[in-house]
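Structure file protein-v4.txt (compact mmCIF, C-alpha atoms) is printed below.
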```txt
# COMPACT_ATOMS: atom_id res chain seq x y z
CA MET K 1 -56.91 -6.82 47.83
CA ILE K 2 -58.30 -8.76 44.85
CA LEU K 3 -55.65 -10.87 43.11
CA LYS K 4 -56.20 -11.54 39.39
CA TYR K 5 -54.94 -15.09 39.22
CA ASP K 6 -56.22 -15.66 35.68
CA GLU K 7 -54.02 -12.84 34.36
CA VAL K 8 -50.96 -14.31 36.05
CA VAL K 9 -51.64 -17.70 34.47
CA ARG K 10 -52.19 -16.27 30.99
CA SER K 11 -49.09 -14.11 31.31
CA GLY K 12 -47.05 -17.15 32.34
CA ILE K 13 -48.21 -19.14 29.34
CA ALA K 14 -47.59 -16.24 26.96
CA LYS K 15 -44.08 -15.92 28.33
CA GLN K 16 -43.42 -19.63 27.78
CA VAL K 17 -44.72 -19.46 24.21
CA ALA K 18 -42.61 -16.38 23.51
CA GLU K 19 -39.53 -18.12 24.89
CA ASN K 20 -40.28 -21.18 22.74
CA ILE K 21 -40.42 -19.07 19.57
CA ARG K 22 -37.45 -16.98 20.66
CA SER K 23 -35.33 -20.13 21.07
CA ALA K 24 -36.31 -21.24 17.57
CA ILE K 25 -35.17 -17.88 16.21
CA MET K 26 -31.92 -17.78 18.15
CA ASP K 27 -30.82 -21.30 17.20
CA GLY K 28 -31.74 -20.86 13.55
CA ARG K 29 -34.78 -23.11 13.28
CA LEU K 30 -36.69 -19.98 12.26
CA LYS K 31 -34.79 -17.93 9.68
CA VAL K 32 -34.65 -14.17 9.17
CA ASP K 33 -37.69 -12.97 7.16
CA GLU K 34 -39.44 -16.33 7.62
CA ARG K 35 -43.18 -16.01 8.21
CA LEU K 36 -44.53 -17.39 11.48
CA PRO K 37 -47.65 -19.56 11.50
CA SER K 38 -50.89 -17.59 11.82
CA GLU K 39 -52.29 -16.74 15.25
CA GLU K 40 -54.95 -19.40 14.74
CA ASP K 41 -52.37 -22.05 13.83
CA LEU K 42 -50.15 -21.11 16.77
CA ALA K 43 -53.10 -21.23 19.16
CA ARG K 44 -54.06 -24.67 17.87
CA SER K 45 -50.49 -26.00 17.98
CA PHE K 46 -49.82 -24.77 21.54
CA GLY K 47 -53.35 -25.55 22.75
CA ILE K 48 -53.94 -21.99 23.95
CA SER K 49 -56.23 -19.07 23.15
CA ARG K 50 -55.55 -16.51 20.43
CA PRO K 51 -55.34 -13.63 22.98
CA THR K 52 -52.53 -15.53 24.69
CA VAL K 53 -50.79 -15.98 21.34
CA ARG K 54 -51.09 -12.24 20.72
CA GLU K 55 -49.52 -11.53 24.10
CA ALA K 56 -46.61 -13.83 23.22
CA LEU K 57 -46.16 -12.10 19.87
CA LYS K 58 -46.17 -8.70 21.57
CA ARG K 59 -43.34 -9.86 23.80
CA LEU K 60 -41.32 -10.97 20.77
CA ALA K 61 -42.00 -7.70 18.96
CA ALA K 62 -40.86 -5.74 22.03
CA GLN K 63 -37.58 -7.67 21.87
CA ASN K 64 -37.20 -6.73 18.19
CA LEU K 65 -37.31 -10.40 17.21
CA ILE K 66 -40.38 -10.21 14.95
CA HIS K 67 -42.26 -7.58 12.97
CA SER K 68 -45.69 -7.58 11.38
CA LYS K 69 -46.86 -6.80 7.85
CA ARG K 70 -50.39 -6.12 6.70
CA GLY K 71 -52.17 -7.23 3.57
CA PRO K 72 -52.78 -10.53 1.78
CA THR K 73 -49.12 -11.53 2.10
CA GLY K 74 -48.80 -10.11 5.60
CA GLY K 75 -48.34 -11.73 8.97
CA ASN K 76 -45.59 -11.94 11.55
CA PHE K 77 -42.04 -12.33 10.29
CA VAL K 78 -38.71 -13.07 11.94
CA LYS K 79 -36.71 -9.86 12.15
CA ARG K 80 -33.02 -9.52 11.54
CA PRO K 81 -31.36 -9.01 14.95
CA ASP K 82 -30.82 -5.34 15.69
CA PRO K 83 -27.47 -4.82 17.49
CA GLU K 84 -28.56 -1.42 18.76
CA GLY K 85 -31.79 -2.83 20.16
CA LEU K 86 -29.92 -5.63 21.91
CA SER K 87 -27.37 -3.15 23.19
CA LYS K 88 -30.06 -0.92 24.66
CA ALA K 89 -31.35 -3.83 26.72
CA ILE K 90 -27.84 -4.50 28.02
CA THR K 91 -27.35 -0.80 28.71
CA GLY K 92 -30.54 -0.63 30.76
CA ALA K 93 -29.31 -3.50 32.93
CA ALA K 94 -25.87 -1.91 33.31
CA THR K 95 -27.40 1.41 34.32
CA LEU K 96 -29.43 -0.35 37.00
CA LEU K 97 -26.35 -2.18 38.30
CA VAL K 98 -24.38 1.05 38.56
CA GLY K 99 -27.33 2.72 40.28
CA VAL K 100 -27.40 0.08 43.02
CA GLY K 101 -23.63 0.23 43.49
CA ALA K 102 -22.69 -3.05 41.81
CA PHE K 103 -19.80 -1.29 40.02
CA ASP K 104 -17.56 1.34 41.56
CA ILE K 105 -15.90 4.19 39.70
CA GLU K 106 -12.49 2.52 39.53
CA GLU K 107 -14.00 -0.55 37.86
CA ILE K 108 -15.74 1.67 35.34
CA ILE K 109 -12.56 3.66 34.65
CA THR K 110 -10.56 0.45 34.22
CA ALA K 111 -13.15 -0.95 31.81
CA ARG K 112 -13.11 2.26 29.78
CA ARG K 113 -9.31 2.45 29.79
CA GLU K 114 -8.87 -1.07 28.45
CA THR K 115 -11.67 -1.06 25.89
CA GLU K 116 -11.29 2.48 24.56
CA THR K 117 -7.55 1.92 24.22
CA ILE K 118 -8.36 -0.81 21.70
CA CYS K 119 -10.69 1.60 19.90
CA CYS K 120 -7.98 4.27 19.69
CA ARG K 121 -5.52 1.81 18.22
CA LEU K 122 -7.94 0.49 15.60
CA ALA K 123 -9.15 3.98 14.68
CA ALA K 124 -5.55 5.19 14.25
CA GLU K 125 -4.74 2.29 11.92
CA ARG K 126 -7.22 3.57 9.32
CA PRO K 127 -8.43 7.08 10.17
CA ASP K 128 -11.89 7.54 8.68
CA PRO K 129 -12.50 11.12 7.47
CA ALA K 130 -16.24 10.90 8.18
CA TYR K 131 -15.75 9.98 11.83
CA LEU K 132 -12.87 12.41 12.24
CA ALA K 133 -15.29 15.12 11.12
CA LEU K 134 -17.90 13.95 13.62
CA MET K 135 -15.40 14.09 16.48
CA GLU K 136 -14.20 17.50 15.30
CA ASP K 137 -17.79 18.77 15.31
CA GLU K 138 -18.33 17.59 18.88
CA ILE K 139 -15.15 19.27 20.10
CA ARG K 140 -16.37 22.55 18.60
CA VAL K 141 -19.66 22.06 20.43
CA GLN K 142 -17.81 21.45 23.69
CA GLU K 143 -15.75 24.61 23.25
CA ASP K 144 -18.92 26.74 23.25
CA LYS K 145 -18.95 28.44 26.66
CA SER K 146 -22.71 29.04 26.47
CA LEU K 147 -23.43 25.31 26.21
CA SER K 148 -25.57 23.86 29.01
CA ASP K 149 -24.19 21.11 31.25
CA GLU K 150 -26.73 18.68 29.81
CA ASP K 151 -25.73 19.45 26.23
CA PHE K 152 -22.03 19.19 27.08
CA CYS K 153 -22.58 15.75 28.56
CA ALA K 154 -24.55 14.67 25.48
CA SER K 155 -21.73 15.89 23.24
CA ASP K 156 -19.24 13.95 25.36
CA VAL K 157 -21.21 10.75 24.70
CA ARG K 158 -21.42 11.50 20.96
CA PHE K 159 -17.66 12.09 20.75
CA HIS K 160 -16.85 8.71 22.27
CA ARG K 161 -19.55 7.01 20.21
CA ALA K 162 -17.92 8.38 17.05
CA LEU K 163 -14.55 7.15 18.29
CA VAL K 164 -15.91 3.64 18.77
CA ASP K 165 -17.82 3.65 15.48
CA SER K 166 -14.67 4.75 13.64
CA THR K 167 -13.11 1.35 14.36
CA GLY K 168 -15.50 -0.26 11.87
CA ASN K 169 -15.58 -3.35 14.10
CA GLY K 170 -19.14 -4.59 14.61
CA PRO K 171 -18.60 -6.85 17.65
CA LEU K 172 -16.52 -4.17 19.35
CA LYS K 173 -19.20 -1.54 18.72
CA LEU K 174 -21.78 -3.88 20.27
CA MET K 175 -19.57 -4.47 23.31
CA MET K 176 -18.84 -0.76 23.70
CA TYR K 177 -22.47 0.33 23.56
CA THR K 178 -22.87 -0.17 27.30
CA VAL K 179 -19.67 1.73 28.07
CA ILE K 180 -20.70 4.70 25.94
CA GLU K 181 -24.44 4.81 26.61
CA ALA K 182 -24.47 3.83 30.32
CA PHE K 183 -21.12 4.37 32.03
CA ILE K 184 -20.24 7.77 30.54
CA PRO K 185 -23.63 9.43 31.25
CA ILE K 186 -23.70 8.13 34.81
CA THR K 187 -20.19 9.42 35.48
CA ASN K 188 -21.07 12.76 33.89
CA MET K 189 -24.04 13.16 36.24
CA ILE K 190 -21.64 13.13 39.17
CA VAL K 191 -18.60 15.06 37.90
CA PHE K 192 -20.18 17.84 35.83
CA ARG K 193 -20.01 20.39 38.68
CA VAL K 194 -16.31 20.04 39.32
CA ARG K 195 -14.70 19.22 35.98
CA GLU K 196 -13.29 21.87 33.67
CA ARG K 197 -14.86 21.70 30.24
CA ARG K 198 -11.78 23.19 28.60
CA ARG K 199 -9.69 20.36 30.00
CA VAL K 200 -12.06 17.70 28.67
CA ALA K 201 -12.35 19.33 25.24
CA SER K 202 -8.56 19.73 25.06
CA LEU K 203 -7.99 16.04 25.80
CA HIS K 204 -10.64 15.10 23.26
CA ARG K 205 -8.67 17.22 20.78
CA ASP K 206 -5.48 15.32 21.63
CA ILE K 207 -7.23 11.98 21.08
CA LEU K 208 -8.57 13.18 17.75
CA GLU K 209 -5.24 14.52 16.52
CA GLY K 210 -3.51 11.28 17.49
CA ILE K 211 -6.01 9.28 15.46
CA ARG K 212 -5.86 11.72 12.55
CA ALA K 213 -2.07 11.39 12.42
CA GLY K 214 -2.25 7.60 12.68
CA ASP K 215 -0.37 7.90 15.98
CA ALA K 216 -2.06 5.34 18.24
CA ALA K 217 0.37 5.96 21.12
CA ARG K 218 -0.55 9.66 21.20
CA ALA K 219 -4.28 8.91 21.15
CA VAL K 220 -3.97 6.27 23.86
CA ALA K 221 -1.86 8.58 26.05
CA ALA K 222 -4.49 11.34 25.74
CA LEU K 223 -7.24 8.86 26.57
CA GLY K 224 -5.30 7.83 29.69
CA GLN K 225 -4.99 11.46 30.77
CA LEU K 226 -8.71 11.99 30.18
CA LEU K 227 -9.68 9.00 32.31
CA ASP K 228 -7.24 10.03 35.05
CA TYR K 229 -8.95 13.42 35.04
CA VAL K 230 -12.41 11.81 35.21
CA SER K 231 -11.28 9.75 38.20
CA GLN K 232 -9.91 12.85 39.93
CA SER K 233 -13.08 14.79 39.17
CA TYR K 234 -15.17 11.99 40.61
CA ALA K 235 -13.21 12.07 43.86
CA ALA K 236 -13.55 15.87 43.99
CA ALA K 237 -17.30 15.64 43.37
CA LEU K 238 -17.75 13.15 46.21
CA GLN K 239 -15.72 15.36 48.54
CA ALA K 240 -17.79 18.40 47.57
CA ARG K 241 -20.97 16.44 48.24
CA GLU K 242 -19.66 15.41 51.66
CA ASN K 243 -18.76 19.02 52.44
CA ARG K 244 -22.29 20.13 51.55
CA LYS K 245 -23.69 17.49 53.87
CA LEU K 246 -21.55 18.68 56.74
CA ALA K 247 -22.63 22.26 56.01
CA GLY K 248 -26.27 21.21 56.01
CA SER K 249 -26.81 22.29 52.42
CA PRO K 250 -30.12 21.15 50.86
CA GLU K 251 -28.19 20.23 47.67
CA ALA K 252 -26.21 17.54 49.44
```

Starting from the file, give its structure as structure tokens.
Amino acid sequence: MILKYDEVVRSGIAKQVAENIRSAIMDGRLKVDERLPSEEDLARSFGISRPTVREALKRLAAQNLIHSKRGPTGGNFVKRPDPEGLSKAITGAATLLVGVGAFDIEEIITARRETETICCRLAAERPDPAYLALMEDEIRVQEDKSLSDEDFCASDVRFHRALVDSTGNGPLKLMMYTVIEAFIPITNMIVFRVRERRRVASLHRDILEGIRAGDAARAVAALGQLLDYVSQSYAAALQARENRKLAGSPEA
């Protein structure tokens, strides 16, 4: 095996430079829309090559911290933080943790119960017609018997995303991104064979009607029933998987 030590060294330096610039952005020394020094100036200041500078800038761009513009007034500029981009990074890590068994189903259910309860209460305080319509649309999708399992699961995610977005609370939406985009899909992958779609759609309807009526208690109660059902479906799915194993089924 031939080890490319020079690439490791360059990569290490690029990472350090990227972290240096990232720290300046995060602590406010570099402001949103501020232009970074040119590649040549950065190379000179850090005492490194321009290719290494470019690698550092690529890392920052991948993190949605900078963006480039062409032309006489172009260059690399500090980008306004993108909550969705940051959330996706967190979601990827959460998905990995669930995949390796760092969280069990009861922890996930508890997290959803506590956080989505807050969302139901806030949404019921000021029902937003636009988000009520989005949730209504998803329920209609879920009531379609010809819908594939994959599309039903996707609609499930969109329903809960609309619920969270209807709160109008930015920090809460950021926090909930992992719950909606990681925990729900992973749970769906396991329970889709044993759950009854009509039951899920009906409970979604109860949540929606509670919010529409400004009745937080009704919405929270329906959410609790939904999560109880998810927990029961999960247990049933695991039992079914175990039964298939004992029967020697190739789907186990």

Counting all atoms listed in the file, the option among K:Ile105, K:Val179, K:Ile190, K:Ile48 closest to Cys153 in chain K:
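Checking each candidate against Cys153 in chain K, we get K:Ile190 as the closest.
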
Have a look at CA of Gln16 in chain K and CA of Gly74 in chain K and let me know their distance in Å, one decimal.
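One can read the CA of Gln16 in chain K to CA of Gly74 in chain K distance as 24.7 Å.
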
Assuming 5 Å of padding per side, give the centre and edge lengths of the axis-aligned box around every listed atom of range 118-123 of chain K, in Å to one decimal and as lines of an AutoDock Vina configuration file.
```
center_x = -8.1
center_y = 1.7
center_z = 18.2
size_x = 15.2
size_y = 15.1
size_z = 17.0
```

Which neighbours of range 123-140 of chain K fall inside 6 Å, counting all atoms listed in the file, when residues of the same chain fewer than 2 positions from it are skipped, and could you give them as a list in words?
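That gives Cys119, Cys120, Arg121, Gln142, Glu143, Ser155, Phe159, Ala162, Ser166, Thr167, Ala201, Ile211, Arg212, Gly214 and Ala216 of chain K.
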
Could you take the residues named above and write them with C-alpha atoms, as a compact mmCIF listing (two decimals), in the frame of the given file?
```txt
# COMPACT_ATOMS: atom_id res chain seq x y z
CA CYS K 119 -10.69 1.60 19.90
CA CYS K 120 -7.98 4.27 19.69
CA ARG K 121 -5.52 1.81 18.22
CA GLN K 142 -17.81 21.45 23.69
CA GLU K 143 -15.75 24.61 23.25
CA SER K 155 -21.73 15.89 23.24
CA PHE K 159 -17.66 12.09 20.75
CA ALA K 162 -17.92 8.38 17.05
CA SER K 166 -14.67 4.75 13.64
CA THR K 167 -13.11 1.35 14.36
CA ALA K 201 -12.35 19.33 25.24
CA ILE K 211 -6.01 9.28 15.46
CA ARG K 212 -5.86 11.72 12.55
CA GLY K 214 -2.25 7.60 12.68
CA ALA K 216 -2.06 5.34 18.24
```

Cut-off 7 Å: closest range 111-212 of chain K/range 228-247 of chain K atom pairs per residue, using all atoms listed in the file, as JSON lines:
```
{"residue": "K:Ile190", "atom": "CA", "partner": "K:Ala237", "partner_atom": "CA", "distance": 6.5}
{"residue": "K:Val191", "atom": "CA", "partner": "K:Tyr234", "partner_atom": "CA", "distance": 5.3}
{"residue": "K:Val194", "atom": "CA", "partner": "K:Ala237", "partner_atom": "CA", "distance": 6.1}
{"residue": "K:Arg195", "atom": "CA", "partner": "K:Ser233", "partner_atom": "CA", "distance": 5.7}
```

Closest to Met175 in chain K among K:Thr110, K:Thr115, K:Ser68, K:Ser49, using all atoms listed in the file?
K:Thr115

Among listed residues K:Leu57, K:Ala14, K:Leu36, K:Ile21, nearest Gly75 in chain K (using only C-alpha atoms)
K:Leu36

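Considering the residues K:Ile108, K:Lys15, K:Asp41, K:Val32 and counting all atoms listed in the file, Ala56 in chain K has its shortest atom-to-atom contact with K:Lys15.
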
Selected residue, from K:Glu107, K:Ser23, K:Arg198, K:Thr187, that lies nearest to Val141 in chain K when counting all atoms listed in the file:
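Smallest separation from Val141 in chain K among the options: K:Arg198.
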
For the atom pair CA of Arg113 in chain K and CA of Gly224 in chain K, what is the interatomic distance in Å to one decimal place?
6.7 Å

To one decimal place in Å, what is the distance between CA of Arg44 in chain K and CA of Asn76 in chain K?
16.5 Å

Would you pick out the contacts of Lys79 in chain K at 6 Å or less, using all atoms listed in the file, so that residues sharing its chain but fewer than 2 positions from it are not included, and give the list as a list of chain:residue names?
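In the requested format, the answer is K:Val32, K:Asp33, K:Leu65, K:Ile66.
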
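Minimum distance to Glu150 in chain K across K:Met189, K:Val53, K:Ala217, K:Met176 (counting only C-alpha atoms) occurs at K:Met189.
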
Please write a file for range 155-177 of chain K, taken from the block I just shared, that holds N, CA, C and O atoms and is laid out as a compact mmCIF listing (two decimals), in the first residue's frame.
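Written output follows (selection19.txt):
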```txt
# COMPACT_ATOMS: atom_id res chain seq x y z
N SER K 155 -45.67 11.51 3.76
CA SER K 155 -46.77 12.39 4.15
C SER K 155 -46.82 12.56 5.67
O SER K 155 -47.12 13.65 6.18
N ASP K 156 -46.53 11.49 6.38
CA ASP K 156 -46.48 11.53 7.85
C ASP K 156 -45.47 12.58 8.30
O ASP K 156 -45.75 13.41 9.17
N VAL K 157 -44.30 12.57 7.70
CA VAL K 157 -43.25 13.54 8.03
C VAL K 157 -43.73 14.96 7.71
O VAL K 157 -43.57 15.88 8.52
N ARG K 158 -44.35 15.14 6.55
CA ARG K 158 -44.80 16.48 6.15
C ARG K 158 -45.89 17.01 7.09
O ARG K 158 -45.94 18.21 7.39
N PHE K 159 -46.76 16.11 7.57
CA PHE K 159 -47.81 16.53 8.51
C PHE K 159 -47.18 17.11 9.77
O PHE K 159 -47.56 18.19 10.23
N HIS K 160 -46.24 16.37 10.34
CA HIS K 160 -45.63 16.82 11.60
C HIS K 160 -44.73 18.04 11.38
O HIS K 160 -44.60 18.87 12.29
N ARG K 161 -44.13 18.13 10.21
CA ARG K 161 -43.34 19.32 9.90
C ARG K 161 -44.25 20.55 9.86
O ARG K 161 -43.89 21.62 10.38
N ALA K 162 -45.42 20.42 9.25
CA ALA K 162 -46.37 21.53 9.20
C ALA K 162 -46.84 21.91 10.60
O ALA K 162 -47.02 23.09 10.91
N LEU K 163 -47.05 20.89 11.45
CA LEU K 163 -47.44 21.15 12.83
C LEU K 163 -46.38 21.98 13.54
O LEU K 163 -46.69 22.99 14.20
N VAL K 164 -45.13 21.59 13.40
CA VAL K 164 -44.04 22.32 14.04
C VAL K 164 -43.91 23.72 13.46
O VAL K 164 -43.79 24.71 14.19
N ASP K 165 -43.97 23.84 12.14
CA ASP K 165 -43.82 25.15 11.50
C ASP K 165 -44.95 26.09 11.89
O ASP K 165 -44.76 27.31 11.93
N SER K 166 -46.12 25.54 12.20
CA SER K 166 -47.26 26.38 12.54
C SER K 166 -47.07 27.11 13.86
O SER K 166 -47.82 28.05 14.16
N THR K 167 -46.09 26.70 14.65
CA THR K 167 -45.84 27.39 15.93
C THR K 167 -45.26 28.78 15.68
O THR K 167 -45.38 29.66 16.54
N GLY K 168 -44.58 28.97 14.54
CA GLY K 168 -43.96 30.26 14.25
C GLY K 168 -42.77 30.56 15.15
O GLY K 168 -42.31 31.70 15.21
N ASN K 169 -42.25 29.55 15.83
CA ASN K 169 -41.14 29.74 16.76
C ASN K 169 -39.85 29.21 16.14
O ASN K 169 -39.67 27.99 16.00
N GLY K 170 -38.97 30.12 15.74
CA GLY K 170 -37.75 29.73 15.04
C GLY K 170 -36.86 28.77 15.81
O GLY K 170 -36.48 27.72 15.27
N PRO K 171 -36.48 29.07 17.05
CA PRO K 171 -35.63 28.14 17.81
C PRO K 171 -36.27 26.76 17.98
O PRO K 171 -35.59 25.74 17.89
N LEU K 172 -37.59 26.74 18.19
CA LEU K 172 -38.27 25.45 18.36
C LEU K 172 -38.24 24.67 17.05
O LEU K 172 -38.03 23.44 17.05
N LYS K 173 -38.45 25.35 15.92
CA LYS K 173 -38.40 24.67 14.63
C LYS K 173 -37.02 24.07 14.39
O LYS K 173 -36.89 22.96 13.85
N LEU K 174 -35.97 24.81 14.78
CA LEU K 174 -34.60 24.31 14.64
C LEU K 174 -34.41 23.06 15.49
O LEU K 174 -33.88 22.04 15.04
N MET K 175 -34.86 23.12 16.74
CA MET K 175 -34.73 21.98 17.65
C MET K 175 -35.50 20.77 17.14
O MET K 175 -35.05 19.63 17.26
N MET K 176 -36.68 21.01 16.56
CA MET K 176 -37.55 19.93 16.15
C MET K 176 -37.15 19.30 14.83
O MET K 176 -37.69 18.26 14.45
N TYR K 177 -36.24 19.92 14.11
CA TYR K 177 -35.87 19.39 12.80
C TYR K 177 -35.38 17.96 12.90
O TYR K 177 -35.73 17.10 12.08
```
